[in-house]
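Visitor: Structure file input-v2.cif, mmCIF, C-alpha atoms, is pasted below:
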```cif
data_protein
#
loop_
_atom_site.label_atom_id
_atom_site.label_comp_id
_atom_site.auth_asym_id
_atom_site.auth_seq_id
_atom_site.Cartn_x
_atom_site.Cartn_y
_atom_site.Cartn_z
CA MET B 1 -18.78 84.62 68.23
CA GLU B 2 -17.83 88.33 68.17
CA ASP B 3 -15.32 87.81 71.00
CA THR B 4 -13.81 84.85 69.16
CA GLU B 5 -13.55 86.84 65.94
CA LEU B 6 -11.92 89.74 67.76
CA LEU B 7 -9.41 87.39 69.37
CA THR B 8 -8.69 85.77 66.01
CA ARG B 9 -8.09 89.14 64.35
CA GLU B 10 -5.75 90.19 67.15
CA LEU B 11 -3.86 86.91 66.82
CA SER B 12 -3.59 87.40 63.06
CA HIS B 13 -2.26 90.92 63.59
CA GLY B 14 0.23 89.56 66.12
CA ILE B 15 1.48 86.94 63.69
CA LYS B 16 2.04 89.61 61.03
CA ASN B 17 4.01 91.67 63.53
CA ILE B 18 6.13 88.69 64.53
CA LEU B 19 6.94 87.96 60.89
CA ALA B 20 7.80 91.62 60.31
CA VAL B 21 10.07 91.70 63.37
CA GLY B 22 11.73 88.46 62.31
CA SER B 23 12.31 89.84 58.82
CA GLY B 24 13.85 92.99 60.29
CA LEU B 25 16.17 91.01 62.55
CA ILE B 26 17.36 88.93 59.62
CA THR B 27 18.09 92.07 57.60
CA LEU B 28 19.95 93.64 60.51
CA SER B 29 22.01 90.48 61.03
CA ALA B 30 22.95 90.41 57.36
CA ARG B 31 24.22 93.99 57.58
CA THR B 32 26.23 93.53 60.76
CA LEU B 33 27.47 89.98 60.07
CA PRO B 34 28.61 89.78 56.43
CA ASP B 35 29.58 86.12 56.85
CA VAL B 36 25.90 85.10 57.17
CA LYS B 37 24.61 87.28 54.32
CA GLY B 38 23.95 84.33 51.98
CA CYS B 39 22.11 82.33 54.63
CA ALA B 40 20.20 85.42 55.73
CA HIS B 41 18.91 85.98 52.18
CA GLU B 42 17.54 82.43 52.01
CA LEU B 43 15.95 82.76 55.44
CA GLN B 44 14.42 86.09 54.42
CA GLU B 45 12.77 84.41 51.42
CA ARG B 46 11.25 81.77 53.68
CA VAL B 47 9.87 84.34 56.10
CA GLU B 48 8.34 86.22 53.16
CA ALA B 49 6.78 82.94 51.93
CA LEU B 50 5.18 82.45 55.34
CA GLY B 51 3.88 86.01 55.21
CA ARG B 52 2.26 85.46 51.82
CA ALA B 53 0.69 82.23 53.03
CA HIS B 54 -0.67 83.96 56.12
CA GLN B 55 -2.12 86.82 54.07
CA PHE B 56 -3.94 84.25 51.97
CA ILE B 57 -5.22 82.02 54.73
CA ARG B 58 -6.76 84.71 56.97
CA PRO B 59 -9.61 85.79 54.63
CA GLN B 60 -10.14 82.12 53.78
CA VAL B 61 -10.60 81.32 57.46
CA GLU B 62 -13.15 84.13 57.74
CA GLN B 63 -15.10 82.61 54.87
CA MET B 64 -14.80 79.20 56.53
CA GLU B 65 -16.41 80.55 59.69
CA LEU B 66 -19.36 81.85 57.66
CA ALA B 67 -19.80 78.77 55.45
CA ASN B 68 -18.85 76.04 57.95
CA ASP B 69 -16.22 74.99 55.47
CA ALA B 70 -12.44 75.22 55.11
CA PRO B 71 -9.98 76.45 52.49
CA THR B 72 -8.28 73.68 50.58
CA LEU B 73 -4.76 72.50 49.81
CA HIS B 74 -5.22 73.12 46.08
CA ALA B 75 -6.23 76.72 46.73
CA VAL B 76 -3.22 77.35 48.97
CA LEU B 77 -0.84 75.89 46.38
CA ARG B 78 -2.37 77.96 43.56
CA GLN B 79 -1.96 81.09 45.66
CA MET B 80 1.68 80.25 46.41
CA PHE B 81 2.47 79.95 42.71
CA ALA B 82 0.39 82.98 41.71
CA PRO B 83 3.44 85.30 41.26
CA ASP B 84 4.53 83.21 38.26
CA PRO B 85 2.88 84.85 35.22
CA ASP B 86 2.85 81.45 33.51
CA ARG B 87 1.41 79.65 36.52
CA ASP B 88 -1.44 77.93 34.67
CA ARG B 89 0.95 76.44 32.13
CA ARG B 90 3.91 75.62 34.36
CA PHE B 91 2.06 74.29 37.42
CA ARG B 92 -0.53 71.51 37.21
CA ILE B 93 -2.30 70.52 40.43
CA THR B 94 -4.39 67.35 40.28
CA GLY B 95 -5.88 64.66 42.49
CA ASP B 96 -7.69 64.82 45.80
CA ASP B 97 -8.28 68.12 47.57
CA VAL B 98 -8.28 68.36 51.36
CA PRO B 99 -9.12 71.08 53.91
CA ILE B 100 -6.31 73.17 55.33
CA ASP B 101 -6.08 76.12 57.71
CA ASP B 102 -3.41 78.06 59.56
CA LYS B 103 -2.23 74.86 61.27
CA GLY B 104 -1.15 73.27 57.99
CA VAL B 105 -0.19 76.35 55.97
CA THR B 106 3.18 76.80 57.68
CA PRO B 107 4.72 73.38 56.88
CA ILE B 108 3.10 73.23 53.45
CA SER B 109 4.31 76.71 52.45
CA LEU B 110 7.84 75.98 53.68
CA VAL B 111 8.08 72.71 51.75
CA PHE B 112 6.67 73.97 48.47
CA HIS B 113 8.45 77.30 48.57
CA GLU B 114 11.71 75.37 48.90
CA LEU B 115 10.82 73.03 46.02
CA ALA B 116 9.74 75.88 43.75
CA THR B 117 12.84 77.93 44.58
CA ASN B 118 15.19 75.05 43.78
CA ALA B 119 13.27 74.27 40.60
CA ALA B 120 13.61 77.91 39.51
CA LYS B 121 17.36 77.87 40.17
CA TYR B 122 18.37 74.42 38.96
CA GLY B 123 15.38 72.41 37.78
CA ALA B 124 12.37 72.46 35.50
CA LEU B 125 11.34 76.04 36.28
CA SER B 126 14.76 77.36 35.23
CA VAL B 127 13.81 76.95 31.54
CA ASP B 128 10.84 78.27 29.59
CA ASP B 129 9.46 74.88 28.58
CA GLY B 130 9.74 73.26 32.01
CA GLY B 131 6.89 72.59 34.38
CA VAL B 132 5.75 70.83 37.53
CA GLU B 133 2.88 68.49 38.24
CA ILE B 134 1.61 68.19 41.81
CA THR B 135 -0.57 65.16 42.48
CA VAL B 136 -2.46 64.76 45.75
CA CYS B 137 -3.80 61.39 46.87
CA GLN B 138 -5.66 60.75 50.12
CA MET B 139 -5.76 57.17 51.36
CA GLY B 140 -7.72 57.10 54.59
CA ASP B 141 -5.65 58.76 57.27
CA ARG B 142 -2.63 59.13 54.96
CA LEU B 143 -1.95 61.85 52.44
CA LYS B 144 0.56 61.50 49.59
CA ILE B 145 1.72 64.50 47.56
CA LEU B 146 3.90 63.93 44.51
CA TRP B 147 5.96 66.79 43.04
CA THR B 148 7.14 65.85 39.53
CA GLU B 149 9.32 68.13 37.40
CA HIS B 150 9.51 67.76 33.61
CA GLY B 151 11.06 69.54 30.66
CA GLY B 152 14.03 70.88 32.58
CA PRO B 153 17.78 70.25 32.53
CA LEU B 154 19.36 67.04 33.77
CA VAL B 155 19.54 67.08 37.58
CA THR B 156 21.72 64.94 39.81
CA MET B 157 21.81 64.26 43.51
CA PRO B 158 23.75 67.01 45.29
CA LYS B 159 26.88 66.09 47.22
CA ARG B 160 25.43 67.65 50.35
CA PHE B 161 22.03 68.86 51.48
CA GLY B 162 21.62 72.44 52.65
CA PHE B 163 19.50 74.15 55.27
CA GLY B 164 16.43 74.24 53.02
CA SER B 165 16.44 70.49 52.44
CA ARG B 166 16.76 69.82 56.15
CA LEU B 167 13.92 72.26 56.83
CA THR B 168 11.58 70.48 54.40
CA THR B 169 12.41 67.15 56.03
CA ILE B 170 11.58 68.55 59.47
CA SER B 171 8.31 70.02 58.15
CA ALA B 172 7.24 66.72 56.60
CA GLU B 173 8.28 64.45 59.45
CA LYS B 174 7.67 66.53 62.57
CA GLN B 175 4.81 68.81 61.58
CA LEU B 176 2.92 66.65 59.08
CA GLY B 177 3.72 63.30 60.70
CA GLY B 178 4.99 61.79 57.46
CA THR B 179 8.02 61.33 55.24
CA ILE B 180 9.71 62.98 52.28
CA GLU B 181 11.72 61.20 49.58
CA ARG B 182 13.61 62.76 46.68
CA ARG B 183 14.31 60.91 43.44
CA TRP B 184 16.64 62.38 40.82
CA ARG B 185 15.26 60.96 37.59
CA THR B 186 16.49 61.61 34.05
CA ALA B 187 13.26 63.48 33.30
CA GLY B 188 13.59 65.67 36.38
CA LEU B 189 13.34 65.72 40.15
CA GLU B 190 10.51 63.81 41.76
CA VAL B 191 9.61 64.37 45.42
CA GLU B 192 7.15 62.18 47.28
CA MET B 193 5.82 63.52 50.55
CA THR B 194 3.42 61.79 52.90
CA GLY B 195 1.60 63.11 55.92
CA GLN B 196 -1.57 62.99 57.97
CA PRO B 197 -4.55 65.05 56.76
CA SER B 198 -5.42 65.75 60.40
CA ARG B 199 -2.14 67.68 60.73
CA LEU B 200 -3.36 70.21 58.14
CA ILE B 201 -6.36 71.51 60.04
CA HIS B 202 -7.47 72.16 63.59
CA LEU B 203 -9.85 69.48 64.84
CA SER B 204 -12.49 72.05 65.76
CA ALA B 205 -12.43 73.44 62.21
CA ALA B 206 -13.30 70.03 60.80
CA MET B 207 -16.35 69.71 63.05
CA PRO B 208 -19.75 71.40 62.70
CA PHE B 209 -20.12 74.69 64.59
#
```
Render the structure in this file as structure tokens.
Guide:
Amino acid sequence: MEDTELLTRELSHGIKNILAVGSGLITLSARTLPDVKGCAHELQERVEALGRAHQFIRPQVEQMELANDAPTLHAVLRQMFAPDPDRDRRFRITGDDVPIDDKGVTPISLVFHELATNAAKYGALSVDDGGVEITVCQMGDRLKILWTEHGGPLVTMPKRFGFGSRLTTISAEKQLGGTIERRWRTAGLEVEMTGQPSRLIHLSAAMPF
């Protein structure tokens, strides 16, 4: 167990270093290649989102090893939205809760960081009275997560989808084994994402030690 823990800590340290190096390379590219400055800023935000998710999940994994349990999707989402001082009022997370570990944190953090960023720029989170409801529903080996914005300005389907939208689609389809659908309603954007709960956690973590 001590050897495993040591290896895990070294791996965690390595991941932090990789993220730091990646962040530095993005910054350097933005300085030397002005044409990619806008894209570099968006990519930098995503790398930072991954870093925050990793900082959260590591102590949770340590607790999991002690309690034979796993951190949950609700907890990860609450941590992601923690920087918002009005988090409890503007974000409502309901429905089923499922285990998650470092396997699932990456796609989940990418998807929801993108949704929250767009909502803050153009959607419900761009106004004081706006908010988001996240509903999780597990149906056997399928997981459905519904992101519903309300109280924001009128949103319409964009003429083209950017890098972030393509990234969320890849995360949902390739990493979570599901789908993602966006609906531009009068009341606000609604995003329905499906996936497989088994893609959120390592098989060994779901089994007794």
Visitor: Any chance you could resolve the PyMOL selection byres ((chain B and resi 170-172) around 9) against this file and give the residues as a ChimeraX atom specification?
Guide: /B:106-108,110-111,165-169,173-180,193-195
Visitor: Put those residues in a file: C-alpha atoms, as a PDB file, keeping the file's coordinate frame.
Guide:
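Result file result_9.pdb:
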```
ATOM      1  CA  THR B 106       3.180  76.800  57.680  1.00  0.00           C
ATOM      2  CA  PRO B 107       4.720  73.380  56.880  1.00  0.00           C
ATOM      3  CA  ILE B 108       3.100  73.230  53.450  1.00  0.00           C
ATOM      4  CA  LEU B 110       7.840  75.980  53.680  1.00  0.00           C
ATOM      5  CA  VAL B 111       8.080  72.710  51.750  1.00  0.00           C
ATOM      6  CA  SER B 165      16.440  70.490  52.440  1.00  0.00           C
ATOM      7  CA  ARG B 166      16.760  69.820  56.150  1.00  0.00           C
ATOM      8  CA  LEU B 167      13.920  72.260  56.830  1.00  0.00           C
ATOM      9  CA  THR B 168      11.580  70.480  54.400  1.00  0.00           C
ATOM     10  CA  THR B 169      12.410  67.150  56.030  1.00  0.00           C
ATOM     11  CA  GLU B 173       8.280  64.450  59.450  1.00  0.00           C
ATOM     12  CA  LYS B 174       7.670  66.530  62.570  1.00  0.00           C
ATOM     13  CA  GLN B 175       4.810  68.810  61.580  1.00  0.00           C
ATOM     14  CA  LEU B 176       2.920  66.650  59.080  1.00  0.00           C
ATOM     15  CA  GLY B 177       3.720  63.300  60.700  1.00  0.00           C
ATOM     16  CA  GLY B 178       4.990  61.790  57.460  1.00  0.00           C
ATOM     17  CA  THR B 179       8.020  61.330  55.240  1.00  0.00           C
ATOM     18  CA  ILE B 180       9.710  62.980  52.280  1.00  0.00           C
ATOM     19  CA  MET B 193       5.820  63.520  50.550  1.00  0.00           C
ATOM     20  CA  THR B 194       3.420  61.790  52.900  1.00  0.00           C
ATOM     21  CA  GLY B 195       1.600  63.110  55.920  1.00  0.00           C
TER      22      GLY B 195
END
```
Visitor: Could you write out as a ChimeraX atom specification the residues that the PyMOL selection byres ((chain B and resi 119-121) around 12) matches in the shown file?
Guide: /B:81,84,90-91,112-118,122-128,130-132,147-155,188-191
Visitor: For atom CA of B:Ser198 and atom CA of B:Glu133, determine how far apart the two atoms are, in Å to one decimal place.
Guide: 23.8 Å
Visitor: Do you know which residues the PyMOL selection byres ((chain B and resi 78) around 10) returns on this file, as number ranges by chain?
Guide: B: 73-77, 79-83, 87-88, 91-93
Visitor: Find the residues of stretch 74-117 of chain B that sit at most 12 Å from stretch 137-140 of chain B; for each, write down the nearest two atoms and how far apart they are in Å, to one decimal. Count all atoms listed in the file. Sort by chain, then by number going up, and give it as CSV.
Guide:
```
residue,atom,partner,partner_atom,distance
B:His74,CA,B:Cys137,CA,11.8
B:Ile93,CA,B:Cys137,CA,11.3
B:Thr94,CA,B:Cys137,CA,8.9
B:Gly95,CA,B:Cys137,CA,5.8
B:Asp96,CA,B:Cys137,CA,5.3
B:Asp97,CA,B:Cys137,CA,8.1
B:Val98,CA,B:Gln138,CA,8.1
B:Pro99,CA,B:Gln138,CA,11.5
```
Visitor: What's the separation between atom CA of B:Pro71 and atom CA of B:Val136, in Å to one decimal place?
Guide: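 Interatomic distance, atom CA of B:Pro71 to atom CA of B:Val136: 15.4 Å.
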Visitor: Of the candidates B:Val47, B:Lys103, B:Pro158, B:Asp129, which shows the shortest atom-to-atom distance to B:Arg182, using all atoms listed in the file?
Guide: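 Among B:Val47, B:Lys103, B:Pro158, B:Asp129, it is B:Pro158 that comes nearest to B:Arg182.
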Visitor: Do you have the atom CA of B:Asp141-atom CA of B:Pro197 distance handy?
Guide: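 Atom-to-atom, atom CA of B:Asp141 to atom CA of B:Pro197, that is 6.4 Å.
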Visitor: Which residue, B:His202, B:Phe163, B:Met157, B:Ile134, has the smallest gap to B:Thr186 when you use all atoms listed in the file?
Guide: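 Of the candidates, the smallest distance to B:Thr186 is held by B:Met157.
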Visitor: Under the rule that only C-alpha atoms are counted, which of B:Gln196, B:Ile201, B:Thr72, B:Ala187 is the nearest residue to B:Leu143?
Guide: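 Of the candidates, the smallest distance to B:Leu143 is held by B:Gln196.
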Visitor: Hey, which of B:Asp101, B:Leu200, B:Trp184, B:Glu192 ends up closest to B:Ile145? Count all atoms listed in the file.
Guide: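 Among the listed residues, the smallest separation from B:Ile145 belongs to B:Glu192.
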